[in-house]
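Pasting final30.cif here (mmCIF, C-alpha atoms):
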```cif
data_start
#
loop_
_atom_site.group_PDB
_atom_site.id
_atom_site.type_symbol
_atom_site.label_atom_id
_atom_site.label_comp_id
_atom_site.auth_asym_id
_atom_site.auth_seq_id
_atom_site.Cartn_x
_atom_site.Cartn_y
_atom_site.Cartn_z
ATOM 1 C CA PRO P 1 -64.490 -12.778 -41.025
ATOM 2 C CA PRO P 2 -62.689 -13.343 -37.680
ATOM 3 C CA ALA P 3 -64.884 -16.307 -36.731
ATOM 4 C CA LYS P 4 -64.218 -18.047 -40.050
ATOM 5 C CA ARG P 5 -60.461 -17.397 -39.773
ATOM 6 C CA ALA P 6 -60.317 -18.798 -36.244
ATOM 7 C CA LYS P 7 -62.222 -21.924 -37.282
ATOM 8 C CA ALA P 8 -59.941 -22.487 -40.260
ATOM 9 C CA ALA P 9 -56.786 -21.937 -38.205
ATOM 10 C CA LYS P 10 -57.993 -24.458 -35.637
ATOM 11 C CA ALA P 11 -58.665 -27.022 -38.356
ATOM 12 C CA GLY P 12 -55.274 -26.357 -39.886
ATOM 13 C CA GLY P 13 -56.726 -25.568 -43.286
ATOM 14 C CA GLY P 14 -56.845 -22.524 -45.522
ATOM 15 C CA VAL P 15 -59.426 -19.791 -45.738
ATOM 16 C CA ASP P 16 -61.640 -19.274 -48.754
ATOM 17 C CA GLY P 17 -62.325 -15.564 -48.370
ATOM 18 C CA ASP P 18 -64.104 -13.272 -50.687
ATOM 19 C CA ASP P 19 -61.301 -10.697 -50.373
ATOM 20 C CA GLU P 20 -58.200 -11.277 -52.461
ATOM 21 C CA HIS P 21 -56.139 -9.958 -49.516
ATOM 22 C CA ASP P 22 -56.898 -13.208 -47.743
ATOM 23 C CA LYS P 23 -54.698 -14.997 -50.281
ATOM 24 C CA VAL P 24 -52.028 -12.390 -51.146
ATOM 25 C CA LEU P 25 -48.924 -11.650 -49.084
ATOM 26 C CA LEU P 26 -48.943 -7.882 -48.663
ATOM 27 C CA ARG P 27 -45.715 -7.067 -46.771
ATOM 28 C CA VAL P 28 -42.610 -8.773 -45.429
ATOM 29 C CA PHE P 29 -40.653 -7.206 -42.533
ATOM 30 C CA PHE P 30 -37.022 -8.007 -41.761
ATOM 31 C CA GLY P 31 -35.223 -7.168 -38.511
ATOM 32 C CA VAL P 32 -31.884 -7.710 -36.845
ATOM 33 C CA ASP P 33 -31.601 -9.245 -33.383
ATOM 34 C CA ALA P 34 -29.110 -6.643 -32.134
ATOM 35 C CA GLY P 35 -29.113 -7.782 -28.531
ATOM 36 C CA ARG P 36 -31.184 -9.308 -25.796
ATOM 37 C CA GLY P 37 -31.627 -7.701 -22.394
ATOM 38 C CA ALA P 38 -31.294 -9.676 -19.192
ATOM 39 C CA ARG P 39 -32.730 -7.002 -16.914
ATOM 40 C CA THR P 40 -35.565 -9.022 -15.395
ATOM 41 C CA SER P 41 -33.573 -12.177 -14.798
ATOM 42 C CA LEU P 42 -30.533 -10.243 -13.532
ATOM 43 C CA VAL P 43 -32.547 -8.202 -11.034
ATOM 44 C CA SER P 44 -34.388 -11.292 -9.822
ATOM 45 C CA ALA P 45 -31.191 -13.313 -9.437
ATOM 46 C CA HIS P 46 -29.627 -10.576 -7.274
ATOM 47 C CA SER P 47 -32.661 -9.910 -5.102
ATOM 48 C CA LEU P 48 -31.764 -8.834 -1.574
ATOM 49 C CA LYS P 49 -34.326 -11.329 -0.282
ATOM 50 C CA LYS P 50 -31.953 -14.076 -1.410
ATOM 51 C CA ARG P 51 -28.718 -12.328 -0.375
ATOM 52 C CA THR P 52 -26.585 -14.151 2.211
ATOM 53 C CA TYR P 53 -25.088 -11.155 4.013
ATOM 54 C CA LEU P 54 -27.017 -7.912 4.509
ATOM 55 C CA GLY P 55 -26.931 -4.831 6.699
ATOM 56 C CA PRO P 56 -29.404 -2.024 7.530
ATOM 57 C CA THR P 57 -27.974 0.208 4.785
ATOM 58 C CA SER P 58 -27.552 -2.375 1.999
ATOM 59 C CA MET P 59 -28.290 -0.730 -1.354
ATOM 60 C CA ASP P 60 -31.264 -1.916 -3.392
ATOM 61 C CA ASN P 61 -30.062 -4.505 -5.915
ATOM 62 C CA GLU P 62 -31.772 -2.950 -8.945
ATOM 63 C CA LEU P 63 -30.362 0.510 -8.261
ATOM 64 C CA SER P 64 -26.914 -1.035 -7.682
ATOM 65 C CA LEU P 65 -27.055 -2.656 -11.127
ATOM 66 C CA ILE P 66 -28.131 0.652 -12.676
ATOM 67 C CA MET P 67 -25.216 2.441 -10.986
ATOM 68 C CA ALA P 68 -22.711 -0.121 -12.263
ATOM 69 C CA ASN P 69 -24.144 0.139 -15.763
ATOM 70 C CA VAL P 70 -24.104 3.957 -15.771
ATOM 71 C CA ALA P 71 -20.489 3.948 -14.532
ATOM 72 C CA GLY P 72 -19.482 1.760 -17.462
ATOM 73 C CA VAL P 73 -18.098 -1.122 -15.402
ATOM 74 C CA ARG P 74 -16.324 -3.485 -17.803
ATOM 75 C CA ALA P 75 -15.150 -7.063 -17.585
ATOM 76 C CA GLY P 76 -11.640 -7.398 -16.207
ATOM 77 C CA GLU P 77 -11.210 -3.698 -15.365
ATOM 78 C CA PRO P 78 -10.720 -2.461 -11.766
ATOM 79 C CA VAL P 79 -13.652 -0.871 -9.928
ATOM 80 C CA LEU P 80 -13.699 0.541 -6.381
ATOM 81 C CA ASP P 81 -16.346 1.175 -3.730
ATOM 82 C CA PRO P 82 -14.728 3.305 -0.965
ATOM 83 C CA PHE P 83 -17.792 2.888 1.310
ATOM 84 C CA VAL P 84 -18.299 -0.790 0.606
ATOM 85 C CA GLY P 85 -20.454 -1.778 3.617
ATOM 86 C CA THR P 86 -21.986 -5.186 2.880
ATOM 87 C CA ALA P 87 -20.924 -4.810 -0.782
ATOM 88 C CA SER P 88 -24.340 -4.588 -2.440
ATOM 89 C CA VAL P 89 -22.934 -2.128 -4.981
ATOM 90 C CA LEU P 90 -19.762 -4.146 -5.478
ATOM 91 C CA VAL P 91 -21.763 -7.343 -6.121
ATOM 92 C CA ALA P 92 -23.542 -5.502 -8.944
ATOM 93 C CA CYS P 93 -20.170 -4.430 -10.354
ATOM 94 C CA ALA P 94 -19.017 -8.054 -10.240
ATOM 95 C CA ALA P 95 -22.117 -9.024 -12.246
ATOM 96 C CA PHE P 96 -20.721 -6.840 -15.051
ATOM 97 C CA GLY P 97 -17.347 -8.570 -14.770
ATOM 98 C CA GLY P 98 -15.516 -5.824 -12.865
ATOM 99 C CA LEU P 99 -12.348 -6.556 -10.903
ATOM 100 C CA CYS P 100 -13.635 -5.487 -7.485
ATOM 101 C CA PHE P 101 -11.928 -3.533 -4.699
ATOM 102 C CA GLY P 102 -13.647 -2.223 -1.576
ATOM 103 C CA THR P 103 -12.731 -0.207 1.508
ATOM 104 C CA ASP P 104 -14.655 0.762 4.633
ATOM 105 C CA ILE P 105 -13.794 2.366 7.953
ATOM 106 C CA ASP P 106 -16.028 -0.068 9.895
ATOM 107 C CA ILE P 107 -13.991 -3.198 10.574
ATOM 108 C CA ARG P 108 -17.074 -4.984 11.943
ATOM 109 C CA VAL P 109 -18.976 -4.858 8.667
ATOM 110 C CA LEU P 110 -15.910 -6.183 6.830
ATOM 111 C CA HIS P 111 -15.527 -9.083 9.290
ATOM 112 C CA GLY P 112 -19.211 -10.013 8.972
ATOM 113 C CA LYS P 113 -21.403 -11.991 11.348
ATOM 114 C CA GLY P 114 -20.375 -15.533 12.175
ATOM 115 C CA THR P 115 -19.854 -17.406 8.919
ATOM 116 C CA LYS P 116 -21.582 -14.713 6.835
ATOM 117 C CA ASP P 117 -19.542 -11.891 5.341
ATOM 118 C CA ILE P 118 -18.935 -10.035 2.080
ATOM 119 C CA TYR P 119 -17.111 -13.015 0.618
ATOM 120 C CA SER P 120 -20.254 -15.101 1.246
ATOM 121 C CA ASN P 121 -22.188 -12.876 -1.169
ATOM 122 C CA PHE P 122 -19.562 -13.282 -3.873
ATOM 123 C CA ARG P 123 -19.461 -17.062 -3.389
ATOM 124 C CA GLN P 124 -23.259 -17.122 -3.607
ATOM 125 C CA TYR P 125 -23.129 -15.782 -7.166
ATOM 126 C CA GLY P 126 -19.931 -17.508 -8.225
ATOM 127 C CA PHE P 127 -17.991 -14.231 -8.505
ATOM 128 C CA PRO P 128 -14.240 -13.898 -7.832
ATOM 129 C CA ARG P 129 -13.341 -12.703 -4.335
ATOM 130 C CA PRO P 130 -13.018 -8.915 -4.024
ATOM 131 C CA GLU P 131 -10.000 -7.201 -2.488
ATOM 132 C CA LEU P 132 -11.096 -5.601 0.809
ATOM 133 C CA VAL P 133 -9.173 -3.186 3.051
ATOM 134 C CA ARG P 134 -10.156 -1.428 6.282
ATOM 135 C CA SER P 135 -9.509 2.191 5.337
ATOM 136 C CA ASP P 136 -10.671 5.756 5.976
ATOM 137 C CA ASN P 137 -11.615 7.519 2.731
ATOM 138 C CA ALA P 138 -10.806 10.869 4.366
ATOM 139 C CA ARG P 139 -7.162 9.731 4.411
ATOM 140 C CA PHE P 140 -7.127 7.849 1.128
ATOM 141 C CA ALA P 141 -3.894 9.461 -0.091
ATOM 142 C CA GLU P 142 -2.121 8.361 3.110
ATOM 143 C CA HIS P 143 -3.296 4.753 2.810
ATOM 144 C CA PHE P 144 -2.750 4.044 -0.875
ATOM 145 C CA ARG P 145 -0.156 4.701 -3.522
ATOM 146 C CA THR P 146 -1.293 7.126 -6.194
ATOM 147 C CA PHE P 147 -0.639 6.323 -9.846
ATOM 148 C CA PRO P 148 -0.071 9.443 -11.975
ATOM 149 C CA ALA P 149 -2.311 8.094 -14.745
ATOM 150 C CA GLY P 150 -4.915 6.720 -12.327
ATOM 151 C CA PHE P 151 -5.799 3.083 -11.729
ATOM 152 C CA PHE P 152 -9.563 2.492 -11.490
ATOM 153 C CA ARG P 153 -11.815 2.435 -14.516
ATOM 154 C CA ALA P 154 -14.871 3.103 -12.361
ATOM 155 C CA ILE P 155 -15.715 4.115 -8.790
ATOM 156 C CA VAL P 156 -19.253 3.246 -7.705
ATOM 157 C CA SER P 157 -20.522 4.006 -4.220
ATOM 158 C CA ASP P 158 -23.376 4.904 -1.881
ATOM 159 C CA PRO P 159 -21.676 7.265 0.605
ATOM 160 C CA PRO P 160 -22.996 7.694 4.165
ATOM 161 C CA TYR P 161 -25.056 10.832 4.731
ATOM 162 C CA GLY P 162 -26.141 10.423 8.333
ATOM 163 C CA ILE P 163 -29.786 9.455 7.810
ATOM 164 C CA ARG P 164 -29.689 5.766 8.758
ATOM 165 C CA ALA P 165 -25.974 5.474 9.525
ATOM 166 C CA GLY P 166 -23.763 8.388 10.501
ATOM 167 C CA ALA P 167 -20.570 8.970 8.562
ATOM 168 C CA ARG P 168 -17.338 8.495 10.522
ATOM 169 C CA GLN P 169 -13.708 9.369 9.952
ATOM 170 C CA THR P 170 -10.505 8.665 11.848
ATOM 171 C CA GLY P 171 -9.948 11.006 14.791
ATOM 172 C CA SER P 172 -11.053 11.941 18.288
ATOM 173 C CA ARG P 173 -13.162 14.698 19.786
ATOM 174 C CA ARG P 174 -10.774 15.029 22.690
ATOM 175 C CA ALA P 175 -8.149 17.753 22.625
ATOM 176 C CA GLU P 176 -5.430 15.485 24.042
ATOM 177 C CA ILE P 177 -4.878 12.076 22.509
ATOM 178 C CA LYS P 178 -2.676 9.458 24.121
ATOM 179 C CA ALA P 179 -0.166 7.642 21.957
ATOM 180 C CA VAL P 180 -0.837 3.948 21.307
ATOM 181 C CA PRO P 181 1.881 1.738 22.851
ATOM 182 C CA ALA P 182 4.126 0.122 20.254
ATOM 183 C CA GLU P 183 3.143 -3.415 21.309
ATOM 184 C CA LEU P 184 -0.541 -2.677 20.607
ATOM 185 C CA ARG P 185 -0.216 -0.983 17.230
ATOM 186 C CA ALA P 186 -0.219 -4.118 15.073
ATOM 187 C CA ASP P 187 -3.978 -4.709 15.442
ATOM 188 C CA HIS P 188 -5.038 -1.308 16.768
ATOM 189 C CA ILE P 189 -8.236 0.194 15.338
ATOM 190 C CA PRO P 190 -8.173 4.011 15.598
ATOM 191 C CA GLN P 191 -10.954 6.016 17.174
ATOM 192 C CA THR P 192 -13.501 7.668 14.906
ATOM 193 C CA LYS P 193 -15.417 10.935 14.972
ATOM 194 C CA PRO P 194 -18.346 12.367 12.978
ATOM 195 C CA TYR P 195 -17.673 13.019 9.309
ATOM 196 C CA ALA P 196 -19.459 16.092 7.928
ATOM 197 C CA VAL P 197 -21.348 15.410 4.707
ATOM 198 C CA VAL P 198 -19.641 18.289 2.867
ATOM 199 C CA ASP P 199 -16.295 16.662 3.685
ATOM 200 C CA VAL P 200 -17.606 13.255 2.626
ATOM 201 C CA MET P 201 -18.472 14.715 -0.757
ATOM 202 C CA PHE P 202 -15.204 16.578 -1.270
ATOM 203 C CA ASP P 203 -13.119 13.555 -0.277
ATOM 204 C CA LEU P 204 -15.127 11.267 -2.573
ATOM 205 C CA LEU P 205 -14.757 13.556 -5.581
ATOM 206 C CA ASP P 206 -11.112 14.312 -4.844
ATOM 207 C CA MET P 207 -10.295 10.622 -4.415
ATOM 208 C CA ALA P 208 -12.052 9.866 -7.723
ATOM 209 C CA ALA P 209 -10.154 12.650 -9.498
ATOM 210 C CA ARG P 210 -6.932 11.237 -8.088
ATOM 211 C CA SER P 211 -7.576 7.535 -8.712
ATOM 212 C CA LEU P 212 -9.590 7.271 -11.933
ATOM 213 C CA VAL P 213 -7.978 6.884 -15.323
ATOM 214 C CA LEU P 214 -8.812 9.614 -17.823
ATOM 215 C CA GLY P 215 -12.273 8.865 -19.174
ATOM 216 C CA GLY P 216 -13.141 6.797 -16.075
ATOM 217 C CA HIS P 217 -16.440 7.342 -14.279
ATOM 218 C CA LEU P 218 -17.608 7.998 -10.734
ATOM 219 C CA ALA P 219 -21.231 7.042 -9.950
ATOM 220 C CA TYR P 220 -22.762 7.784 -6.556
ATOM 221 C CA ILE P 221 -26.054 8.400 -4.786
ATOM 222 C CA LEU P 222 -26.828 11.842 -3.350
ATOM 223 C CA PRO P 223 -29.860 12.111 -1.017
ATOM 224 C CA CYS P 224 -31.332 15.596 -0.885
ATOM 225 C CA GLY P 225 -34.474 17.654 -0.463
ATOM 226 C CA TYR P 226 -36.681 18.749 -3.342
ATOM 227 C CA ASP P 227 -35.112 22.203 -3.186
ATOM 228 C CA PHE P 228 -32.033 20.757 -4.903
ATOM 229 C CA ASP P 229 -30.899 22.854 -7.857
ATOM 230 C CA GLU P 230 -28.335 21.041 -9.982
ATOM 231 C CA ALA P 231 -26.760 24.249 -11.261
ATOM 232 C CA LEU P 232 -26.256 25.577 -7.721
ATOM 233 C CA HIS P 233 -25.917 22.549 -5.453
ATOM 234 C CA LEU P 234 -24.269 19.698 -7.344
ATOM 235 C CA PRO P 235 -20.757 19.022 -5.916
ATOM 236 C CA ARG P 236 -18.043 19.949 -8.397
ATOM 237 C CA HIS P 237 -14.402 19.181 -9.016
ATOM 238 C CA PRO P 238 -12.172 20.757 -11.697
ATOM 239 C CA CYS P 239 -11.021 17.311 -12.880
ATOM 240 C CA LEU P 240 -14.527 15.853 -13.163
ATOM 241 C CA GLU P 241 -17.471 16.599 -15.417
ATOM 242 C CA ALA P 242 -21.073 15.658 -14.628
ATOM 243 C CA VAL P 243 -22.530 13.519 -17.424
ATOM 244 C CA VAL P 244 -25.666 11.997 -15.849
ATOM 245 C CA THR P 245 -27.964 13.098 -13.025
ATOM 246 C CA CYS P 246 -31.441 11.746 -12.353
ATOM 247 C CA GLN P 247 -33.763 11.991 -9.371
ATOM 248 C CA GLN P 248 -35.936 9.414 -7.624
ATOM 249 C CA GLY P 249 -38.547 10.572 -5.134
ATOM 250 C CA LEU P 250 -38.502 8.682 -1.825
ATOM 251 C CA THR P 251 -40.914 10.569 0.434
ATOM 252 C CA ARG P 252 -42.654 13.908 0.281
ATOM 253 C CA ARG P 253 -39.626 15.451 1.949
ATOM 254 C CA LEU P 254 -36.709 13.466 0.621
ATOM 255 C CA ALA P 255 -35.356 12.311 -2.738
ATOM 256 C CA ARG P 256 -32.111 10.811 -3.987
ATOM 257 C CA ARG P 257 -30.120 11.553 -7.106
ATOM 258 C CA LEU P 258 -27.919 9.227 -9.117
ATOM 259 C CA VAL P 259 -24.911 11.248 -10.236
ATOM 260 C CA CYS P 260 -22.309 10.073 -12.742
ATOM 261 C CA MET P 261 -19.149 12.099 -13.393
ATOM 262 C CA LYS P 262 -16.349 11.579 -15.895
ATOM 263 C CA LYS P 263 -12.664 12.340 -15.322
ATOM 264 C CA VAL P 264 -11.650 14.866 -17.967
ATOM 265 C CA LYS P 265 -8.401 16.305 -16.567
ATOM 266 C CA ALA P 266 -5.276 14.893 -14.928
ATOM 267 C CA TYR P 267 -5.017 15.398 -11.158
ATOM 268 C CA ASP P 268 -2.432 17.882 -9.863
ATOM 269 C CA GLU P 269 -1.424 17.183 -6.253
ATOM 270 C CA SER P 270 -0.086 20.716 -5.776
ATOM 271 C CA ARG P 271 -3.571 22.156 -6.452
ATOM 272 C CA ARG P 272 -5.509 20.140 -3.840
ATOM 273 C CA ALA P 273 -6.307 23.234 -1.730
ATOM 274 C CA GLU P 274 -7.626 24.973 -4.844
ATOM 275 C CA TYR P 275 -9.739 21.949 -5.697
ATOM 276 C CA ARG P 276 -11.404 22.120 -2.276
ATOM 277 C CA ASP P 277 -12.199 25.827 -2.725
ATOM 278 C CA ARG P 278 -13.875 25.071 -6.056
ATOM 279 C CA SER P 279 -15.873 22.029 -4.919
ATOM 280 C CA TYR P 280 -18.803 24.136 -3.702
ATOM 281 C CA LEU P 281 -19.999 27.370 -5.169
ATOM 282 C CA PRO P 282 -19.240 30.329 -2.859
ATOM 283 C CA VAL P 283 -22.848 31.550 -2.821
ATOM 284 C CA HIS P 284 -23.729 28.713 -0.437
ATOM 285 C CA GLU P 285 -22.582 27.946 3.070
ATOM 286 C CA PRO P 286 -22.107 24.188 3.636
ATOM 287 C CA ALA P 287 -25.033 24.017 6.091
ATOM 288 C CA GLU P 288 -27.342 25.464 3.419
ATOM 289 C CA LEU P 289 -26.708 22.660 0.934
ATOM 290 C CA PRO P 290 -29.771 20.404 0.382
ATOM 291 C CA TYR P 291 -27.801 17.275 1.361
ATOM 292 C CA ALA P 292 -26.273 18.686 4.577
ATOM 293 C CA ASP P 293 -27.738 17.733 7.995
ATOM 294 C CA LEU P 294 -30.403 15.575 6.341
ATOM 295 C CA LYS P 295 -31.333 13.680 9.492
ATOM 296 C CA GLU P 296 -32.011 16.890 11.376
ATOM 297 C CA LYS P 297 -33.973 18.353 8.453
ATOM 298 C CA VAL P 298 -36.175 15.267 8.158
ATOM 299 C CA LYS P 299 -36.801 15.326 11.913
ATOM 300 C CA ARG P 300 -37.640 19.041 11.836
ATOM 301 C CA ASN P 301 -40.023 18.600 8.910
ATOM 302 C CA LYS P 302 -41.855 15.798 10.714
ATOM 303 C CA GLU P 303 -42.348 18.084 13.704
ATOM 304 C CA ASP P 304 -43.654 20.862 11.440
ATOM 305 C CA LEU P 305 -46.272 18.508 9.986
ATOM 306 C CA LYS P 306 -47.593 17.267 13.337
ATOM 307 C CA GLY P 307 -51.342 17.751 13.590
ATOM 308 C CA VAL P 308 -51.742 18.015 9.824
ATOM 309 C CA SER P 309 -54.053 15.396 8.335
ATOM 310 C CA LYS P 310 -52.826 13.014 5.642
ATOM 311 C CA ARG P 311 -55.279 14.560 3.189
ATOM 312 C CA GLU P 312 -53.823 18.012 3.810
ATOM 313 C CA ILE P 313 -50.252 16.668 3.579
ATOM 314 C CA ASN P 314 -51.008 15.073 0.211
ATOM 315 C CA ARG P 315 -52.189 18.431 -1.069
ATOM 316 C CA LEU P 316 -48.940 20.152 -0.158
ATOM 317 C CA PRO P 317 -46.438 20.570 -3.013
ATOM 318 C CA ARG P 318 -43.318 18.509 -2.439
ATOM 319 C CA ARG P 319 -41.100 21.587 -2.497
ATOM 320 C CA ARG P 320 -43.080 23.235 0.311
ATOM 321 C CA GLN P 321 -42.942 20.093 2.452
ATOM 322 C CA ALA P 322 -39.209 19.829 1.853
ATOM 323 C CA ASN P 323 -38.857 23.343 3.238
ATOM 324 C CA GLY P 324 -41.038 22.561 6.255
ATOM 325 C CA GLU P 325 -43.782 25.051 5.342
ATOM 326 C CA ASP P 326 -47.389 24.566 6.365
#
```

Mind converting the file's structure to structure tokens?
Amino acid sequence: PPAKRAKAAKAGGGVDGDDEHDKVLLRVFFGVDAGRGARTSLVSAHSLKKRTYLGPTSMDNELSLIMANVAGVRAGEPVLDPFVGTASVLVACAAFGGLCFGTDIDIRVLHGKGTKDIYSNFRQYGFPRPELVRSDNARFAEHFRTFPAGFFRAIVSDPPYGIRAGARQTGSRRAEIKAVPAELRADHIPQTKPYAVVDVMFDLLDMAARSLVLGGHLAYILPCGYDFDEALHLPRHPCLEAVVTCQQGLTRRLARRLVCMKKVKAYDESRRAEYRDRSYLPVHEPAELPYADLKEKVKRNKEDLKGVSKREINRLPRRRQANGED
């Protein structure tokens, strides 16, 4: 009986049971300790609450670690974040031992605030310093040498989509642009203009196709509405193949997808125009894509739901709310 067993165990003695099974070993199970996960301790150690340098768009530490893992970041192999920001994603890549490179068009975020900067985060965790360059991803091919066989094993990034921070690229809205005097060019920072999300996506995929080694992976986050159809809306590139996509709901109007793509074909510079034509399926105009003009769509949906009680909102299917229906 359970009470008798507990009493005997407490006393450290045996059990004189009536059932022979109390004295006979019935089964023995053997197992192999194949590996031990460090998920809980790793996530806790990299909590943003303890991070030295943060910004308003710093990526969640757990999702950053998942992205680095999905992209197959390996110890000693080069990994790039072309929209590095405060380097939340790159810190996660460093946790997997990646040799980290980062670029960003915003020189202020690279310089940091006072004594706090991206390097502070890497020192905090004892990681090697990353290589950082102020660069415009829209002009990646003009800034960096291209290796025919690729260079990076993984590219992991959270591109800007204009919800919390608008995407920018080098350029000016003005028709006439004055030349920068020669004596000021050494430390000149070019003007920037809005960067359409469809161009952000093409440039990211094209840069990955150009810079990854064969078999290398691109992992990125794609915010979108619930009307997203992977077969119709997922950005494509002839040199890349989608291997993982998964969705996380954020609000009743907005979700985000983790997308991982693998480089399966060598990049051909002479076919860049063709690559752009094939990045988006022709049945959709860019403005119709679920991840285009997200800030405006979210604002419009909020206006559509004004005057609707929370109880009624909770009853609405997510797809209908994403489309702004009442």

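Comparing the minimum interatomic distances between Ser44 (chain P) and each of P:Leu65, P:Ala141, P:Val133, P:Leu212, counting all atoms listed in the file, we find that P:Leu65 sits nearest.
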
Given 6 Å of margin on each side, can you work out the centre and size in Å (one decimal) of an axis-aligned box holding every listed atom of region 210-215 of chain P, as lines of an AutoDock Vina configuration file?
```
center_x = -9.6
center_y = 9.1
center_z = -13.6
size_x = 17.3
size_y = 16.4
size_z = 23.1
```

Set out as a Markdown table a contact list for region 149-259 of chain P and region 87-109 of chain P with a cut-off of 10 Å, giving each residue of region 149-259 of chain P that qualifies its closest atom pair and distance in Å to one decimal, counting all atoms listed in the file, ordered by chain and rising residue number.
```
| residue | atom | partner | partner_atom | distance |
| --- | --- | --- | --- | --- |
| P:Phe152 | CA | P:Phe101 | CA | 9.4 |
| P:Arg153 | CA | P:Gly98 | CA | 9.2 |
| P:Ala154 | CA | P:Gly98 | CA | 9.0 |
| P:Ile155 | CA | P:Phe101 | CA | 9.5 |
| P:Val156 | CA | P:Val89 | CA | 7.1 |
| P:Ser157 | CA | P:Val89 | CA | 6.6 |
| P:Asp158 | CA | P:Val89 | CA | 7.7 |
| P:Ala167 | CA | P:Ile105 | CA | 9.5 |
| P:Arg168 | CA | P:Ile105 | CA | 7.5 |
| P:Gln169 | CA | P:Ile105 | CA | 7.3 |
| P:Thr170 | CA | P:Ile105 | CA | 8.1 |
| P:Ile189 | CA | P:Ile107 | CA | 8.2 |
| P:Pro190 | CA | P:Ile105 | CA | 9.6 |
| P:Thr192 | CA | P:Ile105 | CA | 8.7 |
```

Do you have, as CSV, the list of residues of region 112-231 of chain P lying at most 6 Å from region 263-272 of chain P, each with its nearest atom pair and that distance in Å to one decimal, counting all atoms listed in the file and ordered by chain then number?
```
residue,atom,partner,partner_atom,distance
P:Arg210,CA,P:Tyr267,CA,5.5
P:Leu214,CA,P:Lys263,CA,5.3
P:Gly215,CA,P:Lys263,CA,5.2
P:Gly216,CA,P:Lys263,CA,5.6
```

*Hey, can you check how far CA of Val84 (chain P) sits from CA of Gly249 (chain P)?*
23.9 Å

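Comparing P:Leu204, P:His188, P:Gly150, P:Ala68 by their smallest distance to Ala138 (chain P), the closest is P:Leu204 (using all atoms listed in the file).
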
_Chain and number of each residue from the PyMOL selection byres ((chain P and resi 52) around 9), as number ranges by chain_ = P: 48-51, 53-54, 116-118, 120-121, 124

*Carefully work through the PyMOL selection byres ((chain P and resi 222) around 7) for this structure and note down the residues it includes, as a ChimeraX atom specification.*
/P:220-221,223-224,256-258

_Exercise: Ala255 (chain P) partners within 10 Å, all atoms listed in the file, chain neighbours under 3 positions left out, as a PyMOL selection string_ = chain P and resi 222-228+247-252+291+322

*Could you check how far CA of Ser135 (chain P) sits from CA of Glu62 (chain P), in Å to one decimal?*
26.9 Å

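For the pair CA of Gly76 (chain P) and CA of Phe151 (chain P), the interatomic distance is 12.8 Å.
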
*Nearby residues (only C-alpha atoms) at most 6 Å from Ala219 (chain P), same-chain spacing under 6 positions excluded, as a ChimeraX atom specification*: /P:71,156,259-260

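Comparing P:Pro128, P:His46, P:Tyr275, P:Arg123 by their smallest distance to Ala75 (chain P), the closest is P:Pro128 (using all atoms listed in the file).
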
*So which one's closest to Lys262 (chain P), P:His217, P:Tyr195, P:Leu289, P:Val180? Using all atoms listed in the file, please.*
P:His217
